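The block underneath contains the structure these notes are about, expressed in structure tokens.
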Amino acid sequence: MRTQKQLVFYESILDVLQESGCPFCRFLKEYQAARLQNRPEKETHRLCNFHTWGLAAVQNALTAAQVFIKLVDEPAPVSKEVTACDICSEIVAEEDRRIREFVSCIHRTDVSDWLRANPVLCIPHGFKLRRQVSPVLAARIDTIIENYRQQLAQELEHLRDEKELDRAGWGALGRAAEFLVSQRGLHS
């Protein structure tokens with residue numbers, strides 16, 4: 001059996017405001033990992049490509065085998081009406097809950113402080129969040145996205161212009177990918 005990574009369990013989106021990166025990506029990345037590592041066989045009917053491979057990579061071998069046996073023995077019918085991955089559906093529902101939670105806490109001091117500091121939002125979560133807030137806060141979200149876009153552009157230009165042998169800052173590529181499409185596996 002594989003050893004499993006110890007998960008950080010966040011109970012609220014407010015728990016991740018002091019962490020680096022997009023707080024929604026950070027929260028959902030841990031939520032996704034927990035869903036993969038603690039996947040009940042009976043709750044698994046459909047998995048997308050990413051989550052099938054993710055389950056194989058992080059779940060203990062016995063549990064993963066049981067889930068895969070169920071999926072092999074009882075494959076879900078492929079139809080245009082029902083094609084959603086179970087974990088993808090759970091992530092979308094959790095993402096909606098966390099965005100609503102953030103919006104409901106927008107006037108709290110810790111959230112206001114975060115919005116005034118040097119916050120980071122990825123484009124997908126920024127756009128989802130801005131649809132649920134006042135025009136003033138939507139403008140602040142646009143500013144957050146634009147400031148981070150400029151920062152990333154500078155980092156990427158620096159990476160591009162470095163001599164091949166001396167290149168440093170490859171983390172900028174991962175940050176740029178998250179900025180553009182959110183954390184891996186959160187959105188199809």
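To be explicit about the labels: the chains of the structure tokens are called A, B, and onward in the order shown, and within each one the residues are counted from 1, while ligands get numbers from 1 in the order they are shown.
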Shell around stretch 93-110 of chain A at 10 Å using only C-alpha atoms, local window under 6 positions removed, as a PyMOL selection string: chain A and resi 11-14+17-18+23-25+27-28+31-32+87+116+125-126+128-130+132-134+137+186
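The environment of A:Arg149 within 12 Å, counting only C-alpha atoms and disregarding residues fewer than 2 places along the same chain, consists of Pro119, Val120, Leu121, Cys122, Ile123, Asp142, Thr143, Ile144, Ile145, Glu146, Asn147, Gln151, Leu152, Ala153, Gln154, Glu155, Leu156, Ala172, Arg175, Ala176, Ala177, Glu178, Phe179 and Leu180 of chain A.
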Exercise: stretch 65-79 of chain A partners within 8 Å, only C-alpha atoms, chain neighbours under 3 positions left out, as JSON, numbers by chain: {"A": [40, 41, 42, 44, 45, 46, 61, 62, 82, 83]}
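Interatomic distance, atom CA of A:Asn118 to atom CA of A:Val16: 14.1 Å.
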Which of chain A DSSP labels helix (DSSP H, G or I), written as JSON, numbers by chain: {"A": [13, 14, 15, 16, 23, 24, 25, 26, 27, 28, 29, 30, 31, 32, 33, 34, 35, 36, 37, 41, 42, 43, 49, 50, 51, 52, 53, 54, 55, 56, 57, 58, 61, 62, 63, 64, 65, 66, 67, 68, 69, 70, 71, 72, 73, 86, 87, 88, 89, 90, 91, 92, 93, 94, 95, 96, 97, 98, 99, 100, 101, 102, 103, 104, 109, 110, 111, 112, 113, 114, 115, 116, 123, 124, 125, 126, 127, 128, 129, 130, 135, 136, 137, 138, 139, 140, 141, 142, 143, 144, 145, 146, 147, 148, 149, 150, 151, 152, 153, 154, 155, 156, 157, 158, 159, 160, 161, 164, 165, 166, 171, 172, 173, 174, 175, 176, 177, 178, 179, 180, 181]}
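Rounded to one decimal, atom CA of A:Ser182 and atom CA of A:Phe50 lie 14.4 Å from each other.
The list of residues with at least one atom within 8 Å of A:Cys48, based on only C-alpha atoms and without residues fewer than 5 positions apart in the same chain, reads Ala84, Cys85 and Cys88 of chain A.
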Serialized selection, all heavy atoms, as an mmCIF file, in the first residue's frame:
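Writing done, so here's part_1.cif:
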data_model
loop_
_atom_site.group_PDB
_atom_site.id
_atom_site.type_symbol
_atom_site.label_atom_id
_atom_site.label_comp_id
_atom_site.auth_asym_id
_atom_site.auth_seq_id
_atom_site.Cartn_x
_atom_site.Cartn_y
_atom_site.Cartn_z
ATOM 1 N N ALA A 84 -21.313 13.523 -15.681
ATOM 2 C CA ALA A 84 -20.500 14.218 -14.691
ATOM 3 C C ALA A 84 -19.755 13.246 -13.786
ATOM 4 O O ALA A 84 -20.310 12.259 -13.308
ATOM 5 C CB ALA A 84 -21.377 15.136 -13.855
ATOM 6 N N CYS A 85 -18.513 13.553 -13.571
ATOM 7 C CA CYS A 85 -17.674 12.824 -12.623
ATOM 8 C C CYS A 85 -18.202 13.110 -11.212
ATOM 9 O O CYS A 85 -18.548 14.253 -10.888
ATOM 10 C CB CYS A 85 -16.240 13.314 -12.780
ATOM 11 S SG CYS A 85 -15.121 12.903 -11.445
ATOM 12 N N CYS A 88 -15.908 15.670 -9.512
ATOM 13 C CA CYS A 88 -16.087 16.988 -10.133
ATOM 14 C C CYS A 88 -17.379 17.644 -9.627
ATOM 15 O O CYS A 88 -17.389 18.830 -9.297
ATOM 16 C CB CYS A 88 -16.125 16.883 -11.651
ATOM 17 S SG CYS A 88 -14.538 16.531 -12.427
#
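Relative to atom CA of A:Ala138, atom CA of A:Phe9 is found at 29.0 Å.
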